[in-house]
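Asks: My structure is stored as upload_6.tsv, with TSV, C-alpha atoms.
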chain	number	residue	atom	x	y	z
S	1	MET	CA	-177.51	-13.48	182.86
S	2	GLU	CA	-175.77	-16.12	180.83
S	3	GLN	CA	-178.99	-16.93	179.00
S	4	GLN	CA	-179.53	-13.26	178.11
S	5	THR	CA	-175.95	-13.00	176.85
S	6	ALA	CA	-176.35	-16.13	174.71
S	7	HIS	CA	-179.68	-14.91	173.34
S	8	LEU	CA	-178.13	-11.52	172.48
S	9	MET	CA	-175.20	-13.21	170.74
S	10	ASP	CA	-177.56	-15.43	168.73
S	11	SER	CA	-179.53	-12.39	167.71
S	12	LEU	CA	-176.41	-10.57	166.54
S	13	LEU	CA	-175.18	-13.57	164.59
S	14	SER	CA	-178.54	-14.08	162.90
S	15	VAL	CA	-178.55	-10.55	161.49
S	16	HIS	CA	-174.86	-10.38	160.66
S	17	PRO	CA	-174.54	-9.74	156.83
S	18	MET	CA	-171.82	-12.38	156.42
S	19	LEU	CA	-173.82	-15.08	158.23
S	20	SER	CA	-177.41	-14.29	157.34
S	21	SER	CA	-177.12	-15.34	153.68
S	22	HIS	CA	-178.96	-18.50	152.71
S	23	ASN	CA	-176.97	-19.01	149.50
S	24	VAL	CA	-174.64	-21.98	149.49
S	25	VAL	CA	-171.24	-21.26	147.97
S	26	SER	CA	-169.39	-24.27	146.63
S	27	GLY	CA	-165.79	-24.13	145.47
S	28	ILE	CA	-165.37	-26.81	142.81
S	29	ALA	CA	-162.02	-26.96	141.06
S	30	ASP	CA	-161.83	-28.06	137.46
S	31	ARG	CA	-160.41	-31.50	136.93
S	32	HIS	CA	-156.79	-31.41	135.83
S	33	VAL	CA	-156.08	-33.94	133.10
S	34	PHE	CA	-152.52	-35.15	133.27
S	35	THR	CA	-150.79	-35.72	129.95
S	36	ASP	CA	-147.55	-37.62	130.00
S	37	ARG	CA	-145.08	-35.68	127.79
S	38	THR	CA	-141.98	-37.63	128.79
S	39	GLY	CA	-141.58	-39.09	125.31
S	40	ASP	CA	-141.84	-35.65	123.71
S	41	PHE	CA	-139.26	-34.27	126.11
S	42	TYR	CA	-136.73	-36.98	125.36
S	43	LEU	CA	-137.39	-36.71	121.62
S	44	LEU	CA	-136.57	-32.99	121.59
S	45	LEU	CA	-133.65	-33.58	123.94
S	46	PHE	CA	-132.24	-36.13	121.50
S	47	LEU	CA	-132.74	-33.71	118.60
S	48	CYS	CA	-130.85	-30.91	120.33
S	49	PHE	CA	-128.20	-33.31	121.60
S	50	SER	CA	-127.60	-34.62	118.06
S	51	LEU	CA	-127.02	-31.10	116.75
S	52	GLY	CA	-124.71	-30.36	119.68
S	53	VAL	CA	-122.62	-33.44	119.00
S	54	ILE	CA	-122.20	-32.54	115.32
S	55	ARG	CA	-121.34	-28.97	116.29
S	56	VAL	CA	-118.71	-30.00	118.85
S	57	VAL	CA	-117.12	-32.70	116.71
S	58	ASP	CA	-116.60	-30.42	113.68
S	59	THR	CA	-116.66	-26.75	114.68
S	60	ARG	CA	-115.04	-25.61	111.46
S	61	TYR	CA	-117.77	-27.26	109.40
S	62	PHE	CA	-120.45	-25.20	111.12
S	63	SER	CA	-118.50	-21.99	110.60
S	64	ASN	CA	-118.12	-22.74	106.88
S	65	LEU	CA	-121.80	-23.70	106.65
S	66	TRP	CA	-122.98	-20.27	107.76
S	67	LYS	CA	-120.38	-18.50	105.62
S	68	ALA	CA	-121.57	-20.44	102.58
S	69	PHE	CA	-125.20	-19.55	103.32
S	70	PHE	CA	-124.54	-15.82	103.57
S	71	ASN	CA	-122.34	-15.82	100.47
S	72	PRO	CA	-124.57	-14.95	97.49
S	73	THR	CA	-122.06	-15.88	94.78
S	74	LEU	CA	-122.60	-19.64	94.58
S	75	SER	CA	-121.02	-19.98	98.01
S	76	ASN	CA	-117.53	-19.62	96.44
S	77	ARG	CA	-115.53	-22.58	95.34
S	78	GLN	CA	-113.25	-22.79	98.38
S	79	LEU	CA	-116.09	-22.97	100.91
S	80	LYS	CA	-117.94	-25.46	98.73
S	81	ASP	CA	-114.93	-27.74	98.54
S	82	GLN	CA	-114.32	-27.49	102.29
S	83	LEU	CA	-117.91	-28.40	103.08
S	84	GLN	CA	-118.05	-31.29	100.65
S	85	SER	CA	-114.74	-32.66	101.88
S	86	ALA	CA	-116.24	-33.08	105.38
S	87	GLY	CA	-118.09	-36.21	104.36
S	88	ILE	CA	-119.16	-37.46	107.80
S	89	SER	CA	-120.41	-34.05	108.98
S	90	ASN	CA	-122.22	-33.58	105.66
S	91	LEU	CA	-123.99	-36.91	106.00
S	92	LEU	CA	-124.90	-36.34	109.66
S	93	MET	CA	-126.35	-32.90	108.88
S	94	ASN	CA	-128.43	-34.34	106.05
S	95	ILE	CA	-129.78	-36.97	108.46
S	96	PHE	CA	-130.37	-34.24	111.03
S	97	PHE	CA	-132.41	-32.29	108.48
S	98	ALA	CA	-134.66	-35.31	107.91
S	99	MET	CA	-135.11	-35.68	111.68
S	100	SER	CA	-135.83	-31.99	112.25
S	101	ALA	CA	-138.28	-31.71	109.33
S	102	GLY	CA	-140.07	-34.94	110.24
S	103	ILE	CA	-140.49	-33.96	113.89
S	104	TYR	CA	-141.65	-30.47	112.88
S	105	VAL	CA	-144.37	-31.94	110.64
S	106	TYR	CA	-145.43	-34.33	113.42
S	107	TYR	CA	-145.99	-31.59	116.00
S	108	LEU	CA	-147.57	-29.34	113.40
S	109	ILE	CA	-150.19	-31.99	112.66
S	110	LYS	CA	-150.82	-32.58	116.38
S	111	LEU	CA	-151.37	-28.84	116.92
S	112	LEU	CA	-153.53	-28.09	113.90
S	113	ARG	CA	-155.64	-31.28	113.92
S	114	PRO	CA	-156.02	-32.27	117.61
S	115	GLN	CA	-159.60	-33.48	117.21
S	116	HIS	CA	-158.56	-36.39	115.00
S	117	GLY	CA	-156.98	-39.53	116.33
S	118	ILE	CA	-153.65	-40.71	114.96
S	119	MET	CA	-153.90	-44.32	113.91
S	120	LEU	CA	-150.21	-45.11	114.37
S	121	ALA	CA	-148.15	-45.08	117.54
S	122	ALA	CA	-146.19	-41.86	117.97
S	123	PRO	CA	-142.69	-43.41	117.61
S	124	LEU	CA	-143.70	-45.24	114.43
S	125	PHE	CA	-145.41	-42.17	113.00
S	126	VAL	CA	-142.37	-39.94	113.63
S	127	SER	CA	-140.11	-42.59	112.11
S	128	LEU	CA	-142.27	-42.73	108.98
S	129	LEU	CA	-142.15	-38.96	108.62
S	130	ILE	CA	-138.36	-38.96	108.94
S	131	LEU	CA	-138.01	-41.82	106.45
S	132	GLY	CA	-140.37	-39.97	104.12
S	133	MET	CA	-138.07	-36.94	104.15
S	134	VAL	CA	-135.08	-39.20	103.50
S	135	ALA	CA	-136.88	-40.89	100.60
S	136	ILE	CA	-137.90	-37.58	98.99
S	137	TYR	CA	-134.41	-36.09	98.98
S	138	ALA	CA	-132.67	-39.36	98.13
S	139	ALA	CA	-134.91	-39.68	95.07
S	140	LYS	CA	-134.34	-36.02	94.22
S	141	TYR	CA	-130.58	-36.49	94.47
S	142	ALA	CA	-130.67	-39.57	92.23
S	143	VAL	CA	-132.88	-37.91	89.59
S	144	VAL	CA	-130.83	-34.72	89.46
S	145	MET	CA	-127.54	-36.60	89.25
S	146	PHE	CA	-128.91	-38.79	86.44
S	147	SER	CA	-130.24	-35.73	84.61
S	148	GLY	CA	-126.85	-34.02	84.91
S	149	TRP	CA	-125.15	-37.08	83.46
S	150	ALA	CA	-127.72	-37.52	80.67
S	151	PHE	CA	-127.66	-33.87	79.55
S	152	LYS	CA	-123.92	-33.43	80.21
S	153	VAL	CA	-124.41	-30.62	82.75
S	154	GLU	CA	-122.72	-32.28	85.72
S	155	THR	CA	-121.19	-28.99	86.95
S	156	MET	CA	-124.59	-27.26	87.06
S	157	THR	CA	-126.30	-30.12	88.83
S	158	GLU	CA	-123.44	-30.36	91.34
S	159	HIS	CA	-123.81	-26.68	92.24
S	160	TYR	CA	-127.57	-27.04	92.38
S	161	LEU	CA	-127.50	-30.01	94.74
S	162	PHE	CA	-124.96	-28.24	96.93
S	163	ASN	CA	-127.35	-25.28	97.31
S	164	VAL	CA	-130.35	-27.53	97.95
S	165	PHE	CA	-128.69	-29.42	100.78
S	166	LEU	CA	-127.07	-26.24	102.12
S	167	ILE	CA	-130.49	-24.64	102.58
S	168	ASN	CA	-131.81	-27.88	104.08
S	169	LYS	CA	-129.07	-27.86	106.71
S	170	ILE	CA	-129.77	-24.23	107.62
S	171	LEU	CA	-133.51	-24.98	107.77
S	172	SER	CA	-132.95	-27.91	110.13
S	173	ILE	CA	-131.25	-25.56	112.62
S	174	VAL	CA	-133.81	-22.77	112.22
S	175	LEU	CA	-136.72	-25.15	112.93
S	176	ILE	CA	-135.48	-26.21	116.38
S	177	PRO	CA	-136.88	-23.27	118.44
S	178	PHE	CA	-140.18	-23.48	116.56
S	179	ILE	CA	-140.43	-27.22	117.29
S	180	VAL	CA	-139.92	-26.59	121.01
S	181	VAL	CA	-142.58	-23.86	121.16
S	182	ILE	CA	-145.10	-25.80	119.04
S	183	SER	CA	-144.69	-29.00	121.04
S	184	PHE	CA	-144.73	-27.59	124.59
S	185	GLY	CA	-146.11	-24.06	124.26
S	186	ALA	CA	-149.67	-22.99	125.06
S	187	PRO	CA	-151.92	-22.36	122.01
S	188	GLU	CA	-151.50	-18.59	122.34
S	189	TRP	CA	-147.76	-19.14	121.83
S	190	ALA	CA	-147.83	-22.14	119.50
S	191	HIS	CA	-150.05	-20.69	116.77
S	192	PRO	CA	-147.95	-17.52	116.26
S	193	ALA	CA	-144.87	-19.77	116.25
S	194	VAL	CA	-146.41	-21.76	113.38
S	195	VAL	CA	-146.96	-18.57	111.38
S	196	LEU	CA	-143.38	-17.43	112.01
S	197	SER	CA	-142.05	-20.86	111.05
S	198	PHE	CA	-143.97	-20.69	107.75
S	199	ILE	CA	-142.41	-17.29	107.07
S	200	ALA	CA	-138.91	-18.62	107.83
S	201	ILE	CA	-139.44	-21.70	105.65
S	202	SER	CA	-140.79	-19.57	102.79
S	203	PHE	CA	-137.81	-17.23	103.02
S	204	LEU	CA	-135.34	-20.12	102.86
S	205	PHE	CA	-137.16	-21.79	99.97
S	206	ILE	CA	-137.21	-18.51	98.02
S	207	ASN	CA	-133.50	-18.19	98.74
S	208	ARG	CA	-133.03	-21.70	97.37
S	209	TYR	CA	-134.96	-20.90	94.19
S	210	ILE	CA	-132.90	-17.77	93.66
S	211	ARG	CA	-129.73	-19.82	94.01
S	212	SER	CA	-131.18	-22.39	91.63
S	213	TRP	CA	-131.85	-19.69	89.05
S	214	GLN	CA	-128.26	-18.49	89.42
S	215	VAL	CA	-127.12	-22.01	88.58
S	216	PHE	CA	-129.62	-22.85	85.83
S	217	GLY	CA	-130.15	-19.31	84.52
S	218	SER	CA	-128.21	-19.88	81.33
S	219	PHE	CA	-129.77	-23.32	80.86
S	220	PHE	CA	-133.33	-21.90	81.07
S	221	GLU	CA	-132.43	-18.54	79.57
S	222	TYR	CA	-134.98	-18.72	76.75
S	223	SER	CA	-137.82	-20.37	78.64
S	224	LYS	CA	-138.82	-19.35	82.13
S	225	PHE	CA	-141.82	-21.66	81.78
S	226	HIS	CA	-139.47	-24.66	81.76
S	227	PHE	CA	-137.90	-23.38	84.98
S	228	PHE	CA	-141.37	-23.06	86.53
S	229	THR	CA	-142.33	-26.59	85.51
S	230	TYR	CA	-139.03	-27.83	86.94
S	231	LEU	CA	-139.86	-26.19	90.29
S	232	CYS	CA	-143.30	-27.78	90.35
S	233	ALA	CA	-142.01	-31.23	89.39
S	234	SER	CA	-138.92	-31.43	91.60
S	235	GLU	CA	-139.80	-29.20	94.56
S	236	LEU	CA	-143.55	-28.99	95.12
S	237	LEU	CA	-144.90	-32.27	93.73
S	238	PRO	CA	-142.94	-34.63	96.05
S	239	LEU	CA	-144.02	-32.68	99.14
S	240	ALA	CA	-147.63	-32.59	97.97
S	241	VAL	CA	-147.62	-36.36	97.38
S	242	LEU	CA	-146.13	-36.98	100.84
S	243	MET	CA	-148.74	-34.82	102.58
S	244	LYS	CA	-151.59	-36.46	100.67
S	245	LEU	CA	-150.29	-39.89	101.65
S	246	LEU	CA	-150.05	-38.87	105.29
S	247	VAL	CA	-153.47	-37.26	105.49
S	248	ARG	CA	-155.42	-39.96	103.64
S	249	GLY	CA	-153.49	-43.12	104.35
S	250	LEU	CA	-151.83	-42.81	107.75
S	251	LEU	CA	-153.27	-40.13	109.95
S	252	PHE	CA	-156.97	-40.15	110.57
S	253	TYR	CA	-159.90	-42.50	110.93
Rewrite the structure of this file - the entire thing - as structure tokens.
Replies:
Amino acid sequence: MEQQTAHLMDSLLSVHPMLSSHNVVSGIADRHVFTDRTGDFYLLLFLCFSLGVIRVVDTRYFSNLWKAFFNPTLSNRQLKDQLQSAGISNLLMNIFFAMSAGIYVYYLIKLLRPQHGIMLAAPLFVSLLILGMVAIYAAKYAVVMFSGWAFKVETMTEHYLFNVFLINKILSIVLIPFIVVISFGAPEWAHPAVVLSFIAISFLFINRYIRSWQVFGSFFEYSKFHFFTYLCASELLPLAVLMKLLVRGLLFY
């Protein structure tokens, strides 16, 4: 009886549709490659912490900064004087702009050119980008101030430099959310963030050129070509030289 029952059970199991298949199913999970992003996390944490410290230390400065940005009439004299009188906050925000712009360029290169190896260590590369931003705007400041003294237009150049560094400070704040998304976001989030960041940067640069024309409008009244050549020489050429240096001399094998 027991043998008949066992034989019947074997027969049922042999024809069962879930057990009669001769195909072998293997569940192989893809290998997960761990990437240590601790350095990136602390870098962005330091960036946000730096802005928070400046914001807490001088709350009034930040309020005046946004008021000056949204004021289309040369940021009125009172706000301009109040911002320029806050020397420490002004200097720290200029340094913060160099940090924010340098870190943004670093993560932008990592996202858009991942197949190429970076020859320099990440901390050194980020430091070079930040120092490059400092060098560009320090040279720009020196040239514009010398030009104002040489052509006796110190008032115009003072207003112009105020607008340049005002837009830079606003840009440094605007770039923070884009830096976070580009550095840690998945490609389906990071690439749209890059496009949006380009739009924001373009808007702010156009705003800066409009403010520049308001300052130098009378100076270039009879020659818009001179104004165009000024933009190319003082705005676009330094950035183009920096990017060429990075791409050919520092970045890739």
Asks: Would you list the contacts of S:Ala135 as a PyMOL selection string, taking every protein, DNA or RNA residue within 10 Å and counting all atoms listed in the file, but skipping same-chain residues closer than 5 positions in sequence?
Replies: chain S and resi 98+129-130+140-141+238
Asks: If you count only C-alpha atoms, which residues fall within 12 Å of S:Ile170, apart from same-chain ones fewer than 5 positions away, as an mmCIF file with C-alpha atoms, keeping the file's coordinate frame?
Replies:
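Dumped everything to around32.cif:
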data_model
loop_
_atom_site.group_PDB
_atom_site.id
_atom_site.type_symbol
_atom_site.label_atom_id
_atom_site.label_comp_id
_atom_site.auth_asym_id
_atom_site.auth_seq_id
_atom_site.Cartn_x
_atom_site.Cartn_y
_atom_site.Cartn_z
ATOM 1 C CA LEU S 51 -127.020 -31.100 116.750
ATOM 2 C CA PHE S 62 -120.450 -25.200 111.120
ATOM 3 C CA SER S 63 -118.500 -21.990 110.600
ATOM 4 C CA ASN S 64 -118.120 -22.740 106.880
ATOM 5 C CA LEU S 65 -121.800 -23.700 106.650
ATOM 6 C CA TRP S 66 -122.980 -20.270 107.760
ATOM 7 C CA LYS S 67 -120.380 -18.500 105.620
ATOM 8 C CA ALA S 68 -121.570 -20.440 102.580
ATOM 9 C CA PHE S 69 -125.200 -19.550 103.320
ATOM 10 C CA PHE S 70 -124.540 -15.820 103.570
ATOM 11 C CA MET S 93 -126.350 -32.900 108.880
ATOM 12 C CA ASN S 94 -128.430 -34.340 106.050
ATOM 13 C CA PHE S 96 -130.370 -34.240 111.030
ATOM 14 C CA PHE S 97 -132.410 -32.290 108.480
ATOM 15 C CA SER S 100 -135.830 -31.990 112.250
ATOM 16 C CA ALA S 101 -138.280 -31.710 109.330
ATOM 17 C CA ASN S 163 -127.350 -25.280 97.310
ATOM 18 C CA VAL S 164 -130.350 -27.530 97.950
ATOM 19 C CA PHE S 165 -128.690 -29.420 100.780
ATOM 20 C CA LEU S 175 -136.720 -25.150 112.930
ATOM 21 C CA ILE S 176 -135.480 -26.210 116.380
ATOM 22 C CA ALA S 200 -138.910 -18.620 107.830
ATOM 23 C CA ILE S 201 -139.440 -21.700 105.650
ATOM 24 C CA PHE S 203 -137.810 -17.230 103.020
ATOM 25 C CA LEU S 204 -135.340 -20.120 102.860
ATOM 26 C CA PHE S 205 -137.160 -21.790 99.970
ATOM 27 C CA ASN S 207 -133.500 -18.190 98.740
ATOM 28 C CA ARG S 208 -133.030 -21.700 97.370
#
Asks: Nearest residue to S:Ala190 out of S:Tyr42, S:Trp149, S:Tyr106, S:Phe178, using only C-alpha atoms?
Replies: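 Using only C-alpha atoms, the shortest distance to S:Ala190 belongs to S:Phe178.
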Asks: Tell me, as a compact mmCIF listing (two decimals) with C-alpha atoms, in the frame of the given file, which residues lie within 10 Å of S:Ala122, counting all atoms listed in the file; anything in the same chain fewer than 6 positions away does not count.
Replies:
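File part_38.txt, as written:
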# COMPACT_ATOMS: atom_id res chain seq x y z
CA GLY S 39 -141.58 -39.09 125.31
CA ASP S 40 -141.84 -35.65 123.71
CA TYR S 106 -145.43 -34.33 113.42
CA LEU S 128 -142.27 -42.73 108.98
Asks: One number please: atom CA of S:Arg211 to atom CA of S:Leu108, in Å, one decimal.
Replies: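 Atom CA of S:Leu108 lies 28.0 Å from atom CA of S:Arg211.
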Asks: Expressed in Å to a single decimal, how great is the separation between atom CA of S:Leu112 and atom CA of S:Leu196?
Replies: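 One can read the atom CA of S:Leu112 to atom CA of S:Leu196 distance as 14.8 Å.
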Asks: Point out the residue among S:Asn71, S:Arg37, S:Phe125, S:Ser50 with the least atom-to-atom distance to S:Ser89, counting only C-alpha atoms.
Replies: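 Using only C-alpha atoms, S:Ser89 sits closest to S:Ser50.
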Asks: One decimal, Å: what's the distance from atom CA of S:Leu91 over to atom CA of S:Lys169, could you say?
Replies: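 Computed distance, atom CA of S:Leu91 to atom CA of S:Lys169, equals 10.4 Å.
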Asks: Select, from S:Ala139, S:Ile199, S:Leu111, S:Val53, the residue with the minimum atom-to-atom distance to S:Leu171, counting only C-alpha atoms.
Replies: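 Of the candidates, the smallest distance to S:Leu171 is held by S:Ile199.
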Asks: Between S:Tyr104, S:His159, S:Gly185, S:Leu43, which has the minimum distance to S:Pro123 (counting only C-alpha atoms)?
Replies: S:Leu43
Asks: List the spatial neighbours of S:Leu161 as a PyMOL selection string - criterion: any atom at most 12 Å away, only C-alpha atoms, same-chain residues fewer than 2 positions off excluded.
Replies: chain S and resi 74+80+84+137-138+140-145+147-148+154-159+163-168+208-209+211-212+215-216+234
